[in-house]
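**Student:** Structure file upload_18.pdb, PDB, C-alpha atoms, is pasted below:
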ATOM      1  CA  MET A   1      63.978 231.180  95.988
ATOM      2  CA  SER A   2      65.766 234.051  94.252
ATOM      3  CA  LYS A   3      65.917 232.284  90.896
ATOM      4  CA  PHE A   4      62.120 232.058  90.774
ATOM      5  CA  ILE A   5      61.480 235.737  91.509
ATOM      6  CA  PRO A   6      62.296 236.734  87.885
ATOM      7  CA  ILE A   7      59.718 234.198  86.684
ATOM      8  CA  ILE A   8      57.021 235.731  88.910
ATOM      9  CA  LEU A   9      57.988 239.251  87.834
ATOM     10  CA  ALA A  10      58.197 238.367  84.145
ATOM     11  CA  SER A  11      54.854 236.561  83.984
ATOM     12  CA  GLY A  12      53.190 239.252  86.094
ATOM     13  CA  LEU A  13      54.554 242.122  84.024
ATOM     14  CA  ILE A  14      53.719 240.481  80.695
ATOM     15  CA  SER A  15      50.190 239.671  81.846
ATOM     16  CA  PHE A  16      49.757 243.167  83.288
ATOM     17  CA  ILE A  17      50.810 244.790  80.007
ATOM     18  CA  ALA A  18      48.963 242.333  77.759
ATOM     19  CA  THR A  19      45.618 242.558  79.580
ATOM     20  CA  PRO A  20      44.637 246.132  78.546
ATOM     21  CA  LEU A  21      45.921 245.433  75.033
ATOM     22  CA  VAL A  22      43.697 242.387  74.590
ATOM     23  CA  ALA A  23      40.816 244.318  76.182
ATOM     24  CA  ARG A  24      41.187 246.946  73.461
ATOM     25  CA  LEU A  25      41.317 244.204  70.822
ATOM     26  CA  ALA A  26      38.196 242.567  72.274
ATOM     27  CA  ARG A  27      36.254 245.816  72.069
ATOM     28  CA  SER A  28      37.375 246.436  68.493
ATOM     29  CA  ILE A  29      36.098 243.038  67.309
ATOM     30  CA  ASN A  30      33.064 243.002  69.638
ATOM     31  CA  PHE A  31      34.455 240.070  71.635
ATOM     32  CA  VAL A  32      32.420 240.902  74.730
ATOM     33  CA  ASP A  33      30.363 239.079  77.338
ATOM     34  CA  LYS A  34      26.838 240.477  77.234
ATOM     35  CA  PRO A  35      24.606 240.590  80.339
ATOM     36  CA  GLU A  36      22.166 237.718  80.811
ATOM     37  CA  ALA A  37      19.787 236.631  83.545
ATOM     38  CA  ARG A  38      22.255 234.007  84.792
ATOM     39  CA  LYS A  39      25.144 236.511  85.038
ATOM     40  CA  VAL A  40      25.885 239.171  87.644
ATOM     41  CA  HIS A  41      27.325 241.915  85.405
ATOM     42  CA  VAL A  42      24.928 244.465  83.897
ATOM     43  CA  THR A  43      26.996 245.958  81.054
ATOM     44  CA  PRO A  44      28.992 244.263  78.250
ATOM     45  CA  VAL A  45      32.521 243.369  79.387
ATOM     46  CA  PRO A  46      35.430 242.595  77.039
ATOM     47  CA  MET A  47      36.716 239.034  77.098
ATOM     48  CA  LEU A  48      40.038 237.626  75.855
ATOM     49  CA  GLY A  49      41.573 237.952  79.339
ATOM     50  CA  GLY A  50      42.549 234.294  79.104
ATOM     51  CA  LEU A  51      44.804 235.195  76.187
ATOM     52  CA  ALA A  52      46.713 237.685  78.363
ATOM     53  CA  ILE A  53      47.169 235.058  81.081
ATOM     54  CA  TYR A  54      48.335 232.546  78.478
ATOM     55  CA  VAL A  55      50.912 234.930  77.019
ATOM     56  CA  GLY A  56      52.362 235.745  80.444
ATOM     57  CA  LEU A  57      52.445 232.141  81.584
ATOM     58  CA  PHE A  58      53.781 230.734  78.292
ATOM     59  CA  ALA A  59      56.585 233.295  78.087
ATOM     60  CA  ALA A  60      57.684 232.823  81.706
ATOM     61  CA  VAL A  61      57.639 229.012  81.536
ATOM     62  CA  SER A  62      59.483 228.994  78.203
ATOM     63  CA  ILE A  63      62.199 231.284  79.533
ATOM     64  CA  GLY A  64      62.575 229.938  83.058
ATOM     65  CA  GLY A  65      61.326 226.357  82.761
ATOM     66  CA  THR A  66      63.618 223.648  84.098
ATOM     67  CA  ALA A  67      61.629 220.661  82.838
ATOM     68  CA  PRO A  68      62.834 218.069  80.334
ATOM     69  CA  ILE A  69      61.838 219.125  76.830
ATOM     70  CA  ARG A  70      59.191 216.395  76.527
ATOM     71  CA  GLU A  71      57.476 217.467  79.762
ATOM     72  CA  LEU A  72      57.679 221.098  78.685
ATOM     73  CA  ILE A  73      55.980 220.206  75.398
ATOM     74  CA  GLY A  74      53.295 218.317  77.306
ATOM     75  CA  ILE A  75      52.576 221.216  79.647
ATOM     76  CA  LEU A  76      52.690 224.028  77.083
ATOM     77  CA  GLY A  77      50.976 221.923  74.415
ATOM     78  CA  GLY A  78      48.131 221.016  76.738
ATOM     79  CA  ALA A  79      47.849 224.620  77.902
ATOM     80  CA  THR A  80      47.669 225.787  74.287
ATOM     81  CA  ILE A  81      44.908 223.312  73.462
ATOM     82  CA  MET A  82      42.900 224.411  76.495
ATOM     83  CA  THR A  83      43.276 228.076  75.596
ATOM     84  CA  ALA A  84      42.376 227.496  71.947
ATOM     85  CA  PHE A  85      39.243 225.485  72.738
ATOM     86  CA  GLY A  86      38.278 228.092  75.323
ATOM     87  CA  LEU A  87      38.662 230.954  72.853
ATOM     88  CA  VAL A  88      36.445 229.217  70.306
ATOM     89  CA  ASP A  89      33.858 228.534  72.996
ATOM     90  CA  ASP A  90      33.962 232.155  74.192
ATOM     91  CA  ARG A  91      33.501 233.458  70.650
ATOM     92  CA  TYR A  92      31.090 231.021  69.045
ATOM     93  CA  GLY A  93      29.851 228.722  71.772
ATOM     94  CA  MET A  94      30.648 225.034  71.960
ATOM     95  CA  ARG A  95      28.791 221.893  72.927
ATOM     96  CA  PRO A  96      29.947 220.469  76.280
ATOM     97  CA  SER A  97      30.995 217.251  74.520
ATOM     98  CA  ILE A  98      33.376 219.152  72.210
ATOM     99  CA  LYS A  99      34.817 221.087  75.119
ATOM    100  CA  LEU A 100      35.313 217.794  76.951
ATOM    101  CA  LEU A 101      37.135 216.421  73.905
ATOM    102  CA  GLY A 102      39.589 219.331  74.078
ATOM    103  CA  GLN A 103      40.238 218.597  77.742
ATOM    104  CA  VAL A 104      40.847 214.924  76.968
ATOM    105  CA  LEU A 105      43.281 215.885  74.192
ATOM    106  CA  ALA A 106      45.194 218.133  76.577
ATOM    107  CA  GLY A 107      45.257 215.372  79.184
ATOM    108  CA  GLY A 108      46.437 212.899  76.556
ATOM    109  CA  ILE A 109      49.388 215.107  75.593
ATOM    110  CA  LEU A 110      50.238 215.420  79.281
ATOM    111  CA  ILE A 111      50.249 211.637  79.702
ATOM    112  CA  TRP A 112      52.347 211.227  76.523
ATOM    113  CA  SER A 113      54.922 213.586  78.030
ATOM    114  CA  GLY A 114      55.248 211.349  81.094
ATOM    115  CA  ILE A 115      53.250 213.511  83.512
ATOM    116  CA  GLN A 116      50.589 211.396  85.164
ATOM    117  CA  VAL A 117      49.283 210.172  88.482
ATOM    118  CA  ASP A 118      51.316 207.338  89.977
ATOM    119  CA  LEU A 119      49.163 206.034  92.812
ATOM    120  CA  PHE A 120      48.461 202.498  91.656
ATOM    121  CA  PRO A 121      50.534 199.574  90.351
ATOM    122  CA  TRP A 122      48.273 199.327  87.282
ATOM    123  CA  PRO A 123      49.224 201.792  84.493
ATOM    124  CA  VAL A 124      45.727 201.864  82.970
ATOM    125  CA  LEU A 125      44.200 202.915  86.267
ATOM    126  CA  ASN A 126      46.777 205.681  86.645
ATOM    127  CA  ILE A 127      46.006 206.951  83.136
ATOM    128  CA  VAL A 128      42.262 206.983  83.822
ATOM    129  CA  LEU A 129      42.778 208.776  87.133
ATOM    130  CA  THR A 130      45.036 211.345  85.436
ATOM    131  CA  LEU A 131      42.368 212.147  82.848
ATOM    132  CA  LEU A 132      39.661 212.363  85.513
ATOM    133  CA  TRP A 133      41.835 214.697  87.599
ATOM    134  CA  VAL A 134      42.603 216.974  84.629
ATOM    135  CA  LEU A 135      38.971 217.079  83.522
ATOM    136  CA  GLY A 136      37.737 217.587  87.082
ATOM    137  CA  ILE A 137      40.034 220.496  87.962
ATOM    138  CA  CYS A 138      39.617 222.184  84.553
ATOM    139  CA  ASN A 139      35.858 222.167  84.940
ATOM    140  CA  ALA A 140      36.064 223.138  88.620
ATOM    141  CA  ILE A 141      37.949 226.349  87.789
ATOM    142  CA  ASN A 142      35.644 226.904  84.816
ATOM    143  CA  PHE A 143      32.649 226.660  87.175
ATOM    144  CA  LEU A 144      34.389 228.920  89.696
ATOM    145  CA  ASP A 145      34.739 231.730  87.155
ATOM    146  CA  ASN A 146      31.354 233.178  88.065
ATOM    147  CA  MET A 147      32.209 236.460  89.803
ATOM    148  CA  ASP A 148      34.755 239.235  89.325
ATOM    149  CA  GLY A 149      38.213 238.203  90.503
ATOM    150  CA  LEU A 150      37.144 234.836  91.875
ATOM    151  CA  ALA A 151      38.823 232.259  89.618
ATOM    152  CA  ALA A 152      41.993 234.337  89.183
ATOM    153  CA  GLY A 153      42.222 235.015  92.926
ATOM    154  CA  ILE A 154      41.660 231.416  94.012
ATOM    155  CA  THR A 155      44.238 230.279  91.448
ATOM    156  CA  THR A 156      46.663 232.863  92.855
ATOM    157  CA  VAL A 157      46.206 231.475  96.373
ATOM    158  CA  ALA A 158      46.497 227.837  95.269
ATOM    159  CA  SER A 159      49.556 228.424  93.078
ATOM    160  CA  ALA A 160      51.233 230.290  95.968
ATOM    161  CA  PHE A 161      50.902 227.216  98.198
ATOM    162  CA  PHE A 162      52.066 224.898  95.414
ATOM    163  CA  PHE A 163      55.053 227.222  95.013
ATOM    164  CA  ILE A 164      55.904 227.101  98.737
ATOM    165  CA  LEU A 165      55.664 223.310  98.869
ATOM    166  CA  ALA A 166      57.736 222.950  95.691
ATOM    167  CA  LEU A 167      60.476 225.146  97.195
ATOM    168  CA  VAL A 168      60.548 223.050 100.366
ATOM    169  CA  GLU A 169      60.754 219.827  98.361
ATOM    170  CA  GLY A 170      63.250 221.159  95.813
ATOM    171  CA  LEU A 171      60.943 220.594  92.830
ATOM    172  CA  GLY A 172      62.208 222.963  90.147
ATOM    173  CA  LEU A 173      59.505 222.289  87.551
ATOM    174  CA  VAL A 174      56.631 222.687  89.999
ATOM    175  CA  ALA A 175      58.173 225.829  91.481
ATOM    176  CA  SER A 176      58.719 227.371  88.023
ATOM    177  CA  LEU A 177      55.215 226.555  86.816
ATOM    178  CA  ALA A 178      53.615 227.726  90.059
ATOM    179  CA  ALA A 179      55.675 230.943  89.976
ATOM    180  CA  ALA A 180      54.631 231.654  86.385
ATOM    181  CA  THR A 181      50.971 230.986  87.221
ATOM    182  CA  LEU A 182      51.171 233.153  90.332
ATOM    183  CA  GLY A 183      52.635 236.094  88.431
ATOM    184  CA  ALA A 184      50.270 235.811  85.461
ATOM    185  CA  CYS A 185      47.215 235.729  87.726
ATOM    186  CA  ILE A 186      48.360 238.719  89.790
ATOM    187  CA  GLY A 187      48.999 240.747  86.639
ATOM    188  CA  PHE A 188      45.528 239.907  85.338
ATOM    189  CA  LEU A 189      43.741 240.251  88.688
ATOM    190  CA  TYR A 190      44.515 243.967  88.795
ATOM    191  CA  TYR A 191      41.984 244.411  85.972
ATOM    192  CA  ASN A 192      39.631 241.582  86.913
ATOM    193  CA  PHE A 193      38.758 242.384  90.519
ATOM    194  CA  ASN A 194      35.339 243.948  91.089
ATOM    195  CA  PRO A 195      34.342 245.876  89.073
ATOM    196  CA  ALA A 196      36.127 243.903  86.351
ATOM    197  CA  SER A 197      37.169 245.694  83.178
ATOM    198  CA  LEU A 198      37.955 242.368  81.458
ATOM    199  CA  PHE A 199      36.881 238.717  81.809
ATOM    200  CA  MET A 200      39.154 235.708  81.351
ATOM    201  CA  GLY A 201      36.433 233.608  79.706
ATOM    202  CA  ASP A 202      36.636 229.852  79.275
ATOM    203  CA  ALA A 203      40.044 230.325  77.623
ATOM    204  CA  GLY A 204      41.448 231.559  80.921
ATOM    205  CA  SER A 205      39.555 229.321  83.316
ATOM    206  CA  MET A 206      40.304 226.121  81.400
ATOM    207  CA  LEU A 207      43.960 227.133  81.072
ATOM    208  CA  LEU A 208      44.290 227.815  84.809
ATOM    209  CA  GLY A 209      42.455 224.604  85.655
ATOM    210  CA  PHE A 210      44.846 222.622  83.468
ATOM    211  CA  VAL A 211      47.922 224.209  85.048
ATOM    212  CA  LEU A 212      46.620 223.592  88.584
ATOM    213  CA  ALA A 213      45.939 219.968  87.650
ATOM    214  CA  VAL A 214      49.540 219.626  86.426
ATOM    215  CA  LEU A 215      50.863 221.167  89.653
ATOM    216  CA  GLY A 216      48.822 218.693  91.674
ATOM    217  CA  ILE A 217      50.207 215.749  89.714
ATOM    218  CA  LYS A 218      53.827 216.898  89.787
ATOM    219  CA  LEU A 219      53.872 217.835  93.484
ATOM    220  CA  GLN A 220      55.720 214.929  95.090
ATOM    221  CA  PHE A 221      57.211 214.458  98.544
ATOM    222  CA  ALA A 222      60.420 212.569  99.182
ATOM    223  CA  SER A 223      60.142 212.179 102.951
ATOM    224  CA  ALA A 224      56.396 211.674 103.484
ATOM    225  CA  PRO A 225      54.345 208.553 102.663
ATOM    226  CA  LEU A 226      52.211 208.633  99.527
ATOM    227  CA  HIS A 227      49.074 207.523 101.397
ATOM    228  CA  VAL A 228      49.281 210.840 103.280
ATOM    229  CA  THR A 229      50.586 213.265 100.646
ATOM    230  CA  TRP A 230      48.072 212.378  97.925
ATOM    231  CA  MET A 231      45.558 214.429  99.909
ATOM    232  CA  ILE A 232      47.578 217.656  99.785
ATOM    233  CA  PRO A 233      46.702 218.804  96.218
ATOM    234  CA  VAL A 234      43.079 217.819  96.843
ATOM    235  CA  ILE A 235      42.962 219.977  99.986
ATOM    236  CA  ILE A 236      44.727 222.939  98.352
ATOM    237  CA  LEU A 237      42.151 222.792  95.555
ATOM    238  CA  GLY A 238      39.357 221.980  97.987
ATOM    239  CA  LEU A 239      37.362 225.158  97.336
ATOM    240  CA  PRO A 240      36.858 224.711  93.565
ATOM    241  CA  ILE A 241      36.193 221.006  94.178
ATOM    242  CA  PHE A 242      33.567 221.904  96.790
ATOM    243  CA  ASP A 243      31.919 224.518  94.562
ATOM    244  CA  THR A 244      31.660 222.110  91.638
ATOM    245  CA  THR A 245      30.246 219.355  93.851
ATOM    246  CA  LEU A 246      27.689 221.743  95.328
ATOM    247  CA  VAL A 247      26.564 223.043  91.939
ATOM    248  CA  VAL A 248      26.354 219.605  90.325
ATOM    249  CA  PHE A 249      24.450 218.156  93.288
ATOM    250  CA  SER A 250      22.073 221.128  93.427
ATOM    251  CA  ARG A 251      21.319 221.157  89.703
ATOM    252  CA  LEU A 252      20.747 217.416  89.554
ATOM    253  CA  ARG A 253      18.437 217.646  92.575
ATOM    254  CA  ARG A 254      16.471 220.454  90.921
ATOM    255  CA  GLY A 255      16.419 218.765  87.507
ATOM    256  CA  LYS A 256      18.573 221.458  85.875
ATOM    257  CA  PRO A 257      21.265 220.798  83.223
ATOM    258  CA  VAL A 258      24.650 220.609  84.920
ATOM    259  CA  TYR A 259      26.436 222.647  82.240
ATOM    260  CA  GLN A 260      23.842 225.396  82.092
ATOM    261  CA  GLY A 261      25.140 228.467  83.921
ATOM    262  CA  GLY A 262      23.318 229.844  86.909
ATOM    263  CA  LYS A 263      23.573 231.942  90.065
ATOM    264  CA  ASP A 264      23.785 228.918  92.344
ATOM    265  CA  HIS A 265      27.507 228.819  93.108
ATOM    266  CA  THR A 266      29.085 229.192  96.531
ATOM    267  CA  SER A 267      29.849 232.855  95.844
ATOM    268  CA  HIS A 268      26.225 233.598  94.973
ATOM    269  CA  ARG A 269      24.957 231.773  98.059
ATOM    270  CA  PHE A 270      27.228 233.818 100.310
ATOM    271  CA  ILE A 271      25.423 236.888  98.967
ATOM    272  CA  THR A 272      21.896 235.541  99.441
ATOM    273  CA  VAL A 273      22.476 233.656 102.715
ATOM    274  CA  PHE A 274      24.848 236.021 104.526
ATOM    275  CA  GLY A 275      23.966 239.303 102.830
ATOM    276  CA  MET A 276      27.495 239.868 101.538
ATOM    277  CA  THR A 277      28.463 242.129  98.681
ATOM    278  CA  GLN A 278      30.167 240.605  95.642
ATOM    279  CA  SER A 279      33.595 241.793  96.761
ATOM    280  CA  ARG A 280      33.152 240.506 100.311
ATOM    281  CA  SER A 281      31.940 237.136  99.045
ATOM    282  CA  VAL A 282      35.029 236.810  96.835
ATOM    283  CA  ILE A 283      37.438 237.883  99.589
ATOM    284  CA  THR A 284      35.813 235.433 102.020
ATOM    285  CA  LEU A 285      36.416 232.646  99.526
ATOM    286  CA  TYR A 286      40.049 233.799  99.202
ATOM    287  CA  LEU A 287      40.404 233.375 102.972
ATOM    288  CA  ILE A 288      38.839 229.919 102.904
ATOM    289  CA  ALA A 289      41.213 228.897 100.107
ATOM    290  CA  ALA A 290      44.157 230.217 102.164
ATOM    291  CA  ILE A 291      43.041 228.210 105.216
ATOM    292  CA  LEU A 292      42.856 225.068 103.093
ATOM    293  CA  GLY A 293      46.324 225.840 101.726
ATOM    294  CA  LEU A 294      47.697 226.145 105.274
ATOM    295  CA  LEU A 295      46.110 222.795 106.158
ATOM    296  CA  GLY A 296      47.841 221.336 103.106
ATOM    297  CA  LEU A 297      51.166 222.647 104.407
ATOM    298  CA  MET A 298      50.481 221.125 107.825
ATOM    299  CA  LEU A 299      49.613 217.781 106.264
ATOM    300  CA  ARG A 300      53.124 217.467 104.833
ATOM    301  CA  ASP A 301      54.519 216.873 108.326
ATOM    302  CA  ALA A 302      51.524 215.014 109.752
ATOM    303  CA  THR A 303      51.597 211.413 110.931
ATOM    304  CA  PRO A 304      49.265 208.942 109.174
ATOM    305  CA  LEU A 305      46.874 209.115 112.141
ATOM    306  CA  GLN A 306      46.867 212.917 112.116
ATOM    307  CA  ALA A 307      46.331 212.907 108.355
ATOM    308  CA  ARG A 308      43.346 210.563 108.636
ATOM    309  CA  LEU A 309      41.819 212.665 111.420
ATOM    310  CA  MET A 310      42.314 215.853 109.392
ATOM    311  CA  LEU A 311      40.762 214.249 106.328
ATOM    312  CA  ALA A 312      37.783 213.025 108.380
ATOM    313  CA  VAL A 313      37.197 216.507 109.836
ATOM    314  CA  LEU A 314      37.490 218.151 106.426
ATOM    315  CA  ALA A 315      35.153 215.568 104.852
ATOM    316  CA  ALA A 316      32.579 216.221 107.600
ATOM    317  CA  ALA A 317      32.922 219.992 107.109
ATOM    318  CA  PHE A 318      32.655 219.518 103.336
ATOM    319  CA  GLY A 319      29.450 217.501 103.630
ATOM    320  CA  GLY A 320      27.946 219.721 106.314
ATOM    321  CA  ALA A 321      28.614 222.927 104.368
ATOM    322  CA  LEU A 322      27.235 221.405 101.175
ATOM    323  CA  VAL A 323      23.980 220.320 102.844
ATOM    324  CA  TRP A 324      23.592 223.615 104.734
ATOM    325  CA  LEU A 325      24.175 225.821 101.699
ATOM    326  CA  GLU A 326      21.815 223.723  99.606
ATOM    327  CA  TRP A 327      19.162 223.769 102.349
ATOM    328  CA  HIS A 328      19.338 227.581 102.428
ATOM    329  CA  TYR A 329      19.538 227.922  98.651
ATOM    330  CA  GLN A 330      17.885 231.004  97.241
ATOM    331  CA  GLU A 331      18.699 232.039  93.688
ATOM    332  CA  LEU A 332      20.309 235.441  93.333
ATOM    333  CA  SER A 333      17.993 237.775  91.400
TER     334      SER A 333
END
Kindly return the structure encoded in the file as structure tokens.
**Tutor:**
Amino acid sequence: MSKFIPIILASGLISFIATPLVARLARSINFVDKPEARKVHVTPVPMLGGLAIYVGLFAAVSIGGTAPIRELIGILGGATIMTAFGLVDDRYGMRPSIKLLGQVLAGGILIWSGIQVDLFPWPVLNIVLTLLWVLGICNAINFLDNMDGLAAGITTVASAFFFILALVEGLGLVASLAAATLGACIGFLYYNFNPASLFMGDAGSMLLGFVLAVLGIKLQFASAPLHVTWMIPVIILGLPIFDTTLVVFSRLRRGKPVYQGGKDHTSHRFITVFGMTQSRSVITLYLIAAILGLLGLMLRDATPLQARLMLAVLAAAFGGALVWLEWHYQELS
């Protein structure tokens, strides 16, 4: 445990120092997110926050990483591609197909480095599943970045549980990467919680999604059967997965483009349905993410029967919440 504390402190401190610096840079070059009907902020907010997260995470992983050099290249190379594509998208805009290409490139580098899903005896199927997982989680965190402090906070919670599980299992790479992500997000979150003085943009959300996808792939359990433990990363990341499913289902049902932004996310619905403020909606989602993380911890020691029962209950809750929130949908004005 003690050897990972410097990684958390280093990434957190670097991110904390870099965030106001990149905010100043963003203002000087007019790299700001302007208010629109589909957004909740009412004044221009500097972007480039993703760059501060990247600097903190990259530095901490480079210094404290325990991975083989090829895996380290895969992780940092993929993270760099995600951040670069995100920055271009934040500045100039980018077609969804081009953004998807960047995510595939990052996933391809990850697979080249030897980091991939290993659920099936057929290599091609594992490669396809790896790409789908990377693309799915990257876009889930990208979708989740719709309210001050939400994506950074949920990533903080998820990376904390990945860190705990990695410590228990003795997984040095996962623990180092989770520690670096945890610190970088905390350092950035100080400036990003409501009212945010800086946004992470697609550069930050795609970067965090990529790192969480890597953590989910690399989290392995020596003493528990694979047909139980494969669920753990899915449950830990259950909130962004749920939000993306809800938004995609709702937009398809209403005939809206999936990649067109809108105030129809889980966080927005908590405001319209339950009358919450923005901050309370975000904190409530933090608590839900923490509950899912605790269930993921419990699943590690569950029997196959207990795991199946837990999965069935969570699937029922997932479906019920999705239908209920969609039934009560009312767009935030």
**Student:** Could the residues of segment 140-206 of chain A that have an atom at most 12 Å from segment 83-97 of chain A be listed as JSON lines, each with its closest atom pair and the distance in Å to one decimal, counting all atoms listed in the file and ordered by chain and ascending residue number?
**Tutor:**
{"residue": "A:Asn142", "atom": "CA", "partner": "A:Gly86", "partner_atom": "CA", "distance": 9.9}
{"residue": "A:Phe199", "atom": "CA", "partner": "A:Asp90", "partner_atom": "CA", "distance": 10.5}
{"residue": "A:Met200", "atom": "CA", "partner": "A:Asp90", "partner_atom": "CA", "distance": 9.5}
{"residue": "A:Gly201", "atom": "CA", "partner": "A:Asp90", "partner_atom": "CA", "distance": 6.2}
{"residue": "A:Asp202", "atom": "CA", "partner": "A:Gly86", "partner_atom": "CA", "distance": 4.6}
{"residue": "A:Ala203", "atom": "CA", "partner": "A:Gly86", "partner_atom": "CA", "distance": 3.7}
{"residue": "A:Gly204", "atom": "CA", "partner": "A:Thr83", "partner_atom": "CA", "distance": 6.6}
{"residue": "A:Ser205", "atom": "CA", "partner": "A:Gly86", "partner_atom": "CA", "distance": 8.2}
{"residue": "A:Met206", "atom": "CA", "partner": "A:Gly86", "partner_atom": "CA", "distance": 6.7}
**Student:** Give the answer as one residue: which of A:Ala196, A:Ile232, A:Leu100, A:Leu309 has the shortest atom-to-atom distance to Pro46 of chain A, using only C-alpha atoms?
**Tutor:**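 Of all the options, A:Ala196 lies closest to Pro46 of chain A.
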**Student:** For each of A:Ile217, A:Leu150, A:Leu311, A:Ile164, take the minimum atom-to-atom distance to Leu129 of chain A, counting all atoms listed in the file, then give the residue where this is smallest.
**Tutor:**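 Of A:Ile217, A:Leu150, A:Leu311, A:Ile164, the one nearest Leu129 of chain A is A:Ile217, counting all atoms listed in the file.
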**Student:** For Ser279 of chain A, which residue out of A:Val313, A:Asn194, A:Phe242, A:Leu295 is the nearest one, using all atoms listed in the file?
**Tutor:**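 Of A:Val313, A:Asn194, A:Phe242, A:Leu295, the one nearest Ser279 of chain A, counting all atoms listed in the file, is A:Asn194.
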**Student:** Taking the file as shown, find all residues satisfying the PyMOL selection byres ((chain A and resi 326) around 12) and write them as a ChimeraX atom specification.
**Tutor:** /A:243,245-254,264-266,268-270,272-273,319-325,327-331
**Student:** Find the residues around Lys3 of chain A up to 10 Å (only C-alpha atoms counted), leave out those fewer than 5 positions away in its own chain, and share them as a list in words.
**Tutor:**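 Surrounding residues, per the criterion: Ile8, Gly64 and Ser176 of chain A.
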**Student:** Go through A:Gly102, A:Gly74, A:Gly136, A:Pro6 one by one, measure the shortest atom-to-atom distance of each to Leu237 of chain A using only C-alpha atoms, and give the residue with the smallest value.
**Tutor:**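 Checking each candidate against Leu237 of chain A, we get A:Gly136 as the closest.
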**Student:** Which residues would end up in the selection if the PyMOL selection byres ((chain A and resi 296-306) around 7) were applied here, given that I need the answer as JSON, numbers by chain?
**Tutor:** {"A": [224, 228, 229, 232, 235, 236, 292, 293, 294, 295, 307, 308, 309, 310]}
**Student:** One decimal, in Å: what's the spacing between atom CA of Asp118 of chain A and atom CA of Ala179 of chain A?
**Tutor:** 24.0 Å
**Student:** So which residues are close to (38.2, 243.3, 85.6), meaning at most 12 Å away in the file's coordinates with only C-alpha atoms counted, and can you show them as a PDB file with C-alpha atoms, in the coordinates of the input?
**Tutor:**
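Result written to out.pdb:
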ATOM      1  CA  PHE A  16      49.757 243.167  83.288  1.00  0.00           C
ATOM      2  CA  THR A  19      45.618 242.558  79.580  1.00  0.00           C
ATOM      3  CA  PRO A  20      44.637 246.132  78.546  1.00  0.00           C
ATOM      4  CA  ALA A  23      40.816 244.318  76.182  1.00  0.00           C
ATOM      5  CA  HIS A  41      27.325 241.915  85.405  1.00  0.00           C
ATOM      6  CA  PRO A  44      28.992 244.263  78.250  1.00  0.00           C
ATOM      7  CA  VAL A  45      32.521 243.369  79.387  1.00  0.00           C
ATOM      8  CA  PRO A  46      35.430 242.595  77.039  1.00  0.00           C
ATOM      9  CA  MET A  47      36.716 239.034  77.098  1.00  0.00           C
ATOM     10  CA  LEU A  48      40.038 237.626  75.855  1.00  0.00           C
ATOM     11  CA  GLY A  49      41.573 237.952  79.339  1.00  0.00           C
ATOM     12  CA  GLY A  50      42.549 234.294  79.104  1.00  0.00           C
ATOM     13  CA  MET A 147      32.209 236.460  89.803  1.00  0.00           C
ATOM     14  CA  ASP A 148      34.755 239.235  89.325  1.00  0.00           C
ATOM     15  CA  GLY A 149      38.213 238.203  90.503  1.00  0.00           C
ATOM     16  CA  LEU A 150      37.144 234.836  91.875  1.00  0.00           C
ATOM     17  CA  ALA A 151      38.823 232.259  89.618  1.00  0.00           C
ATOM     18  CA  ALA A 152      41.993 234.337  89.183  1.00  0.00           C
ATOM     19  CA  GLY A 153      42.222 235.015  92.926  1.00  0.00           C
ATOM     20  CA  CYS A 185      47.215 235.729  87.726  1.00  0.00           C
ATOM     21  CA  ILE A 186      48.360 238.719  89.790  1.00  0.00           C
ATOM     22  CA  GLY A 187      48.999 240.747  86.639  1.00  0.00           C
ATOM     23  CA  PHE A 188      45.528 239.907  85.338  1.00  0.00           C
ATOM     24  CA  LEU A 189      43.741 240.251  88.688  1.00  0.00           C
ATOM     25  CA  TYR A 190      44.515 243.967  88.795  1.00  0.00           C
ATOM     26  CA  TYR A 191      41.984 244.411  85.972  1.00  0.00           C
ATOM     27  CA  ASN A 192      39.631 241.582  86.913  1.00  0.00           C
ATOM     28  CA  PHE A 193      38.758 242.384  90.519  1.00  0.00           C
ATOM     29  CA  ASN A 194      35.339 243.948  91.089  1.00  0.00           C
ATOM     30  CA  PRO A 195      34.342 245.876  89.073  1.00  0.00           C
ATOM     31  CA  ALA A 196      36.127 243.903  86.351  1.00  0.00           C
ATOM     32  CA  SER A 197      37.169 245.694  83.178  1.00  0.00           C
ATOM     33  CA  LEU A 198      37.955 242.368  81.458  1.00  0.00           C
ATOM     34  CA  PHE A 199      36.881 238.717  81.809  1.00  0.00           C
ATOM     35  CA  MET A 200      39.154 235.708  81.351  1.00  0.00           C
ATOM     36  CA  GLY A 201      36.433 233.608  79.706  1.00  0.00           C
TER      37      GLY A 201
END
**Student:** Name the closest residue to Phe162 of chain A among the candidates A:Val211, A:Leu132, A:Ile81, A:Ile5; distances are taken between atoms, counting all atoms listed in the file.
**Tutor:**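 Of A:Val211, A:Leu132, A:Ile81, A:Ile5, the one nearest Phe162 of chain A is A:Val211, counting all atoms listed in the file.
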**Student:** Neighbours of Val168 of chain A within 12 Å (all atoms listed in the file; same-chain residues fewer than 3 positions away dropped), as a PyMOL selection string?
**Tutor:** chain A and resi 1+161-165+171-172+174-175+219-223+297+300-301
